[in-house]
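In what follows, a structure is listed as structure tokens, so that the remarks can point back to it.
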Number of protein chains: 2
Amino acid sequence: MIDPRQAKIGVVGLGRMGANMARRLADQGFTLGALHDVRAETAQELSRELKCPAAATLAEVTAKADIIFTVVTDDAAMRGIFTPENLLCQARGKVFINFATVSPDVHRELETAFAAAGAQAMEACMASSITQAREGTLFLILAGDQALVDAMEPLLAAISSARRYVGPTGRAAQVKALVNMVMNINTAGLAEGLGLGNALGLDLHVLREIFAQTGANSRVLETDGADMQNREHECYFSAAHAAKDSGIAVALAHEAGVQTPLAEATLQQYQRMIDKGLGELDKSGIAELTFKDRAL
Amino acid sequence: MIDPRQAKIGVVGLGRMGANMARRLADQGFTLGALHDVRAETAQELSRELKCPAAATLAEVTAKADIIFTVVTDDAAMRGIFTPENLLCQARGKVFINFATVSPDVHRELETAFAAAGAQAMEACMASSITQAREGTLFLILAGDQALVDAMEPLLAAISSARRYVGPTGRAAQVKALVNMVMNINTAGLAEGLGLGNALGLDLHVLREIFAQTGANSRVLETDGADMQNREHECYFSAAHAAKDSGIAVALAHEAGVQTPLAEATLQQYQRMIDKGLGELDKSGIAELTFKDRAL
């Protein structure tokens with residue numbers, strides 16, 4: 001098994017999460033062997049910043065790195081990067097750690113491809129955001145072959161402050177879908193509470209303080225409550241991402257025959273945001289739908 | 001203005017909240033002048049326990065007490081107790097502190113009746129449960145005439161650990177409706193997350209631990225998560241109460257012209273519980289609707 005301390009690490013997908021994970025790995029003394037993004041310029045900039053190689057193609061990432069982080073956006077992106085011409089080109093012995101939130105099916109589907117290429121892969125779903133990626137304090141939900149996960153521990157410990165192993169491949173994506181489903185419901189519900197409070201003419205500072213001390217308290221109240229009130233929707237986790245993740249959860253519920261009316265109502269709200277051109281606002285932007293005086 | 005330390009206190013409505021508030025007042029050295037419940041036996045039992053008078057009628061409560069706590073269940077009960085034959089009989093100079101969660105309109109409606117009777121009234125909505133009532137650690141949302149609220153401070157401080165004044169009569173009921181609306185949404189959403197996790201065969205202990213460390217965290221995860229998993233629905237806050245409070249909030253939203261699809265979906269879920277004869281389970285019993293293997 002590859003020793004992460006001796007290995008060259010590649011990072012594919014240099015959005016704010018992937019870029020910050022690369023920065024953290026560099027800080028922690030790991031060797032970055034290849035940085036790649038669909039926008040070549042993004043990879044070149046980060047390569048200059050971190051003084052490590054960029055890779056023009058995905059096959060080049062696999063050639064230059066032993067352990068490859070993939071931090072891409074969705075199912076289609078995951079399917080696109082793991083082809084024999086791309087990351088799976090001459091991938092024997094390589095390890096892929098997939099951080100994207102995608103459908104559980106995609107992980108299981110790709111297992112055959114990994115096996116055919118002689119590569120190993122595991123899931124490390126991130127339940128935290130950009131700041132935590134930079135500081136190495138991510139919360140990771142891990143799944144895949146237990147021996148592989150154990151071998152990657154020094155690397156995972158360098159980027160996260162807490163990790164939970166939840167089972168074989170596909171399990172982390174399921175758990176992540178549930179985390180985001182519940183988070184999105186709480187967010188949409190909070191937006192309704194603050195929107196209605198605003199319409200009633202209540203002081204929203206006081207209302208948020210009362211929510212925080214009662215059964216209405218939640219993590220999203222802490223992270224998004226003030227932003228909803230103040231219309232500060234700079235994007236940490238976009239409405240479009242929220243719609244994607246709630247969509248994954250609702251699809252799982254349909255397959256499993258479980259009724260999830262709140263998850264469906266939440267999905268519809270995030271879809272409304274996308275339809276109104278607000279998909280790239282932060283998830284807190286859902287308050288734009290529930291505050292009466294906000295012109296859409 | 002009446003000094004609460006010198007006054008006789010009456011308590012109307014001796015459910016578990018009202019009874020525990022009476023016990024706490026006795027502990028704290030206040031003088032209980034009259035205990036009343038629609039079930040006379042309940043008042044007599046507590047009167048023996050606390051060695052203080054019971055009152056057979058509501059008019060007798062007003063005759064025997066200076067400051068009267070009302071802890072009744074709903075709008076109809078509030079309207080029923082505040083008539084000239086009942087609590088408003090010879091009520092000049094008396095103070096009513098209303099703890100029930102009722103529609104904001106009821107408080108405003110009753111203001112005329114209080115004025116006609118020469119009595120004063122304020123709202124003290126409770127955003128906590130039975131244990132906190134017993135221990136004097138309630139969270140109170142206060143509304144009404146500021147001078148009256150200030151005068152009642154020694155009494156309110158004896159039963160609560162935190163208080164927030166939110167404005168004139170009717171405001172506390174609005175805030176309480178919003179607190180419970182958001183709490184109920186978070187509860188219904190959590191039940192969906194755990195129900196789907198169960199259907200997928202995930203370990204729900206681990207899932208709850210992960211929820212607790214992520215954006216899915218909430219107060220109801222702490223208070224209701226394990227109960228949902230273990231089907232422990234002993235009643236602290238009933239599904240029927242949840243339906244009532246979400247109903248108040250949804251009605252406020254309709255009046256105000258605010259769209260609240262999650263609050264409406266939540267109200268429907270609690271209505272389903274009532275329709276299926278589960279209204280007297282705790283609000284955590286909503287998980288009985290979302291766990292596939294639970295026979296209804």
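Letters A, B, ... mark the chains of the structure tokens in the order given; residue numbers begin at 1 per chain; ligand numbers begin at 1, in order shown.
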
Within 10 Å of Met228 of chain B, counting only C-alpha atoms, which residues show up once you throw out same-chain ones fewer than 2 positions away? Write them as a PDB file with C-alpha atoms, in the first residue's frame, please.
```pdb
ATOM      1  CA  THR B 187     -38.516  17.931  13.790  1.00  0.00           C
ATOM      2  CA  LEU B 190     -35.158  15.139  11.111  1.00  0.00           C
ATOM      3  CA  ALA B 191     -37.763  12.370  11.046  1.00  0.00           C
ATOM      4  CA  LEU B 194     -33.608   9.270  10.087  1.00  0.00           C
ATOM      5  CA  GLY B 195     -36.453   7.411   8.368  1.00  0.00           C
ATOM      6  CA  LEU B 221     -31.692  16.438  17.063  1.00  0.00           C
ATOM      7  CA  THR B 223     -33.985  16.370  22.221  1.00  0.00           C
ATOM      8  CA  ASP B 224     -35.798  14.047  19.783  1.00  0.00           C
ATOM      9  CA  GLY B 225     -33.219  12.191  17.669  1.00  0.00           C
ATOM     10  CA  ALA B 226     -32.733   9.195  19.954  1.00  0.00           C
ATOM     11  CA  ASN B 230     -35.968   4.145  19.697  1.00  0.00           C
ATOM     12  CA  ARG B 231     -39.696   4.870  19.315  1.00  0.00           C
ATOM     13  CA  GLU B 232     -39.833   6.506  22.730  1.00  0.00           C
ATOM     14  CA  HIS B 233     -42.710   8.909  22.271  1.00  0.00           C
ATOM     15  CA  ASP B 282     -44.814  13.309  21.662  1.00  0.00           C
ATOM     16  CA  LYS B 283     -43.866  15.390  18.620  1.00  0.00           C
ATOM     17  CA  SER B 284     -40.986  12.896  18.075  1.00  0.00           C
ATOM     18  CA  GLY B 285     -43.727  10.420  17.097  1.00  0.00           C
ATOM     19  CA  ILE B 286     -43.709  12.020  13.654  1.00  0.00           C
ATOM     20  CA  ALA B 287     -40.970   9.468  12.917  1.00  0.00           C
ATOM     21  CA  GLU B 288     -43.727   6.838  12.980  1.00  0.00           C
ATOM     22  CA  THR B 290     -41.303   8.220   8.030  1.00  0.00           C
ATOM     23  CA  PHE B 291     -39.895   4.851   9.144  1.00  0.00           C
TER      24      PHE B 291
END
```

Counting only C-alpha atoms, what is within 8 Å of segment 84-95 of chain B, bar same-chain residues fewer than 3 positions away, as an MDAnalysis selection string?
chainID B and resid 57:59 61:63 65:68 81 113:114 117:121

Restrict the selected residues to N, CA and C atoms and save them as a compact mmCIF listing (two decimals), in the first residue's frame.
```
# COMPACT_ATOMS: atom_id res chain seq x y z
N THR B 57 -64.26 27.08 41.61
CA THR B 57 -64.66 27.81 40.40
C THR B 57 -63.58 28.83 40.04
N LEU B 58 -63.69 29.33 38.81
CA LEU B 58 -62.73 30.33 38.36
C LEU B 58 -62.96 31.65 39.10
N ALA B 59 -64.23 31.99 39.40
CA ALA B 59 -64.51 33.23 40.14
C ALA B 59 -63.86 33.15 41.52
N VAL B 61 -61.07 31.61 42.19
CA VAL B 61 -59.63 31.87 42.02
C VAL B 61 -59.39 33.38 42.10
N THR B 62 -60.18 34.13 41.35
CA THR B 62 -59.99 35.59 41.33
C THR B 62 -60.24 36.19 42.72
N ALA B 63 -61.21 35.65 43.42
CA ALA B 63 -61.48 36.15 44.77
C ALA B 63 -60.32 35.87 45.72
N ALA B 65 -57.00 35.13 44.90
CA ALA B 65 -55.63 35.43 44.48
C ALA B 65 -55.52 36.84 43.91
N ASP B 66 -54.28 37.39 43.97
CA ASP B 66 -54.01 38.73 43.43
C ASP B 66 -53.40 38.66 42.03
N ILE B 67 -52.54 37.67 41.87
CA ILE B 67 -51.88 37.48 40.57
C ILE B 67 -52.22 36.07 40.12
N ILE B 68 -52.73 35.92 38.92
CA ILE B 68 -53.22 34.62 38.47
C ILE B 68 -52.51 34.17 37.21
N ILE B 81 -62.24 31.00 29.88
CA ILE B 81 -61.95 31.35 31.28
C ILE B 81 -62.08 32.85 31.54
N ALA B 113 -61.78 43.19 27.34
CA ALA B 113 -62.39 42.54 28.51
C ALA B 113 -61.59 42.83 29.78
N PHE B 114 -60.27 42.78 29.68
CA PHE B 114 -59.44 43.08 30.85
C PHE B 114 -59.67 44.52 31.29
N ALA B 117 -62.93 45.10 33.02
CA ALA B 117 -62.95 44.52 34.36
C ALA B 117 -62.00 45.24 35.32
N GLY B 118 -61.21 46.17 34.79
CA GLY B 118 -60.24 46.88 35.64
C GLY B 118 -59.06 46.00 36.02
N ALA B 119 -58.84 44.96 35.24
CA ALA B 119 -57.70 44.06 35.50
C ALA B 119 -56.57 44.34 34.54
N GLN B 120 -55.40 43.81 34.86
CA GLN B 120 -54.27 43.92 33.95
C GLN B 120 -53.85 42.53 33.51
N ALA B 121 -53.27 42.45 32.31
CA ALA B 121 -52.82 41.15 31.84
C ALA B 121 -51.55 41.28 31.02
```

Please identify all polymer residues within 12 Å of Ala263 of chain A, counting only C-alpha atoms, omitting same-chain residues fewer than 6 positions from it, and present them as number ranges by chain.
A: 177-189, 242-254, 269-270; B: 185-186, 188-193, 196, 261-262, 265-266, 290

Would you pick out the contacts of Cys235 of chain A at 7 Å or less, using only C-alpha atoms, so that residues sharing its chain but fewer than 3 positions from it are not included, and give the list as a PyMOL selection string?
chain A and resi 238+280-282

Might you pull out every residue within 7 Å of segment 130-146 of chain B, with only C-alpha atoms counted and same-chain residues fewer than 5 positions away left off, and present them as an NGL selection string?
:B and (16-17 or 20-21 or 23-24 or 122-125 or 158-172 or 236)

Go ahead and dump the residues you just picked, C-alpha atoms, as a PDB file, in the first residue's frame.
```pdb
ATOM      1  CA  ARG B  16     -47.869  19.013  33.941  1.00  0.00           C
ATOM      2  CA  MET B  17     -46.631  22.526  33.088  1.00  0.00           C
ATOM      3  CA  ASN B  20     -44.795  22.127  38.027  1.00  0.00           C
ATOM      4  CA  MET B  21     -44.931  25.922  37.990  1.00  0.00           C
ATOM      5  CA  ARG B  23     -44.546  23.456  42.800  1.00  0.00           C
ATOM      6  CA  ARG B  24     -41.705  25.769  41.862  1.00  0.00           C
ATOM      7  CA  MET B 122     -49.537  40.196  30.209  1.00  0.00           C
ATOM      8  CA  GLU B 123     -48.181  37.366  28.117  1.00  0.00           C
ATOM      9  CA  ALA B 124     -45.417  35.033  29.270  1.00  0.00           C
ATOM     10  CA  CYS B 125     -45.056  32.391  26.578  1.00  0.00           C
ATOM     11  CA  ALA B 158     -38.411  32.698  40.244  1.00  0.00           C
ATOM     12  CA  ILE B 159     -39.718  30.430  37.493  1.00  0.00           C
ATOM     13  CA  SER B 160     -37.381  31.144  34.590  1.00  0.00           C
ATOM     14  CA  SER B 161     -33.689  31.345  33.829  1.00  0.00           C
ATOM     15  CA  ALA B 162     -34.051  33.671  30.833  1.00  0.00           C
ATOM     16  CA  ARG B 163     -36.647  36.193  29.685  1.00  0.00           C
ATOM     17  CA  ARG B 164     -37.033  38.364  26.592  1.00  0.00           C
ATOM     18  CA  TYR B 165     -39.497  41.236  26.340  1.00  0.00           C
ATOM     19  CA  VAL B 166     -40.789  41.512  22.766  1.00  0.00           C
ATOM     20  CA  GLY B 167     -43.376  44.301  22.833  1.00  0.00           C
ATOM     21  CA  PRO B 168     -47.065  44.994  23.398  1.00  0.00           C
ATOM     22  CA  THR B 169     -49.790  42.402  23.860  1.00  0.00           C
ATOM     23  CA  GLY B 170     -49.928  39.767  21.131  1.00  0.00           C
ATOM     24  CA  ARG B 171     -46.215  39.961  20.287  1.00  0.00           C
ATOM     25  CA  ALA B 172     -45.176  37.068  22.532  1.00  0.00           C
ATOM     26  CA  TYR B 236     -43.549  16.155  26.524  1.00  0.00           C
TER      27      TYR B 236
END
```
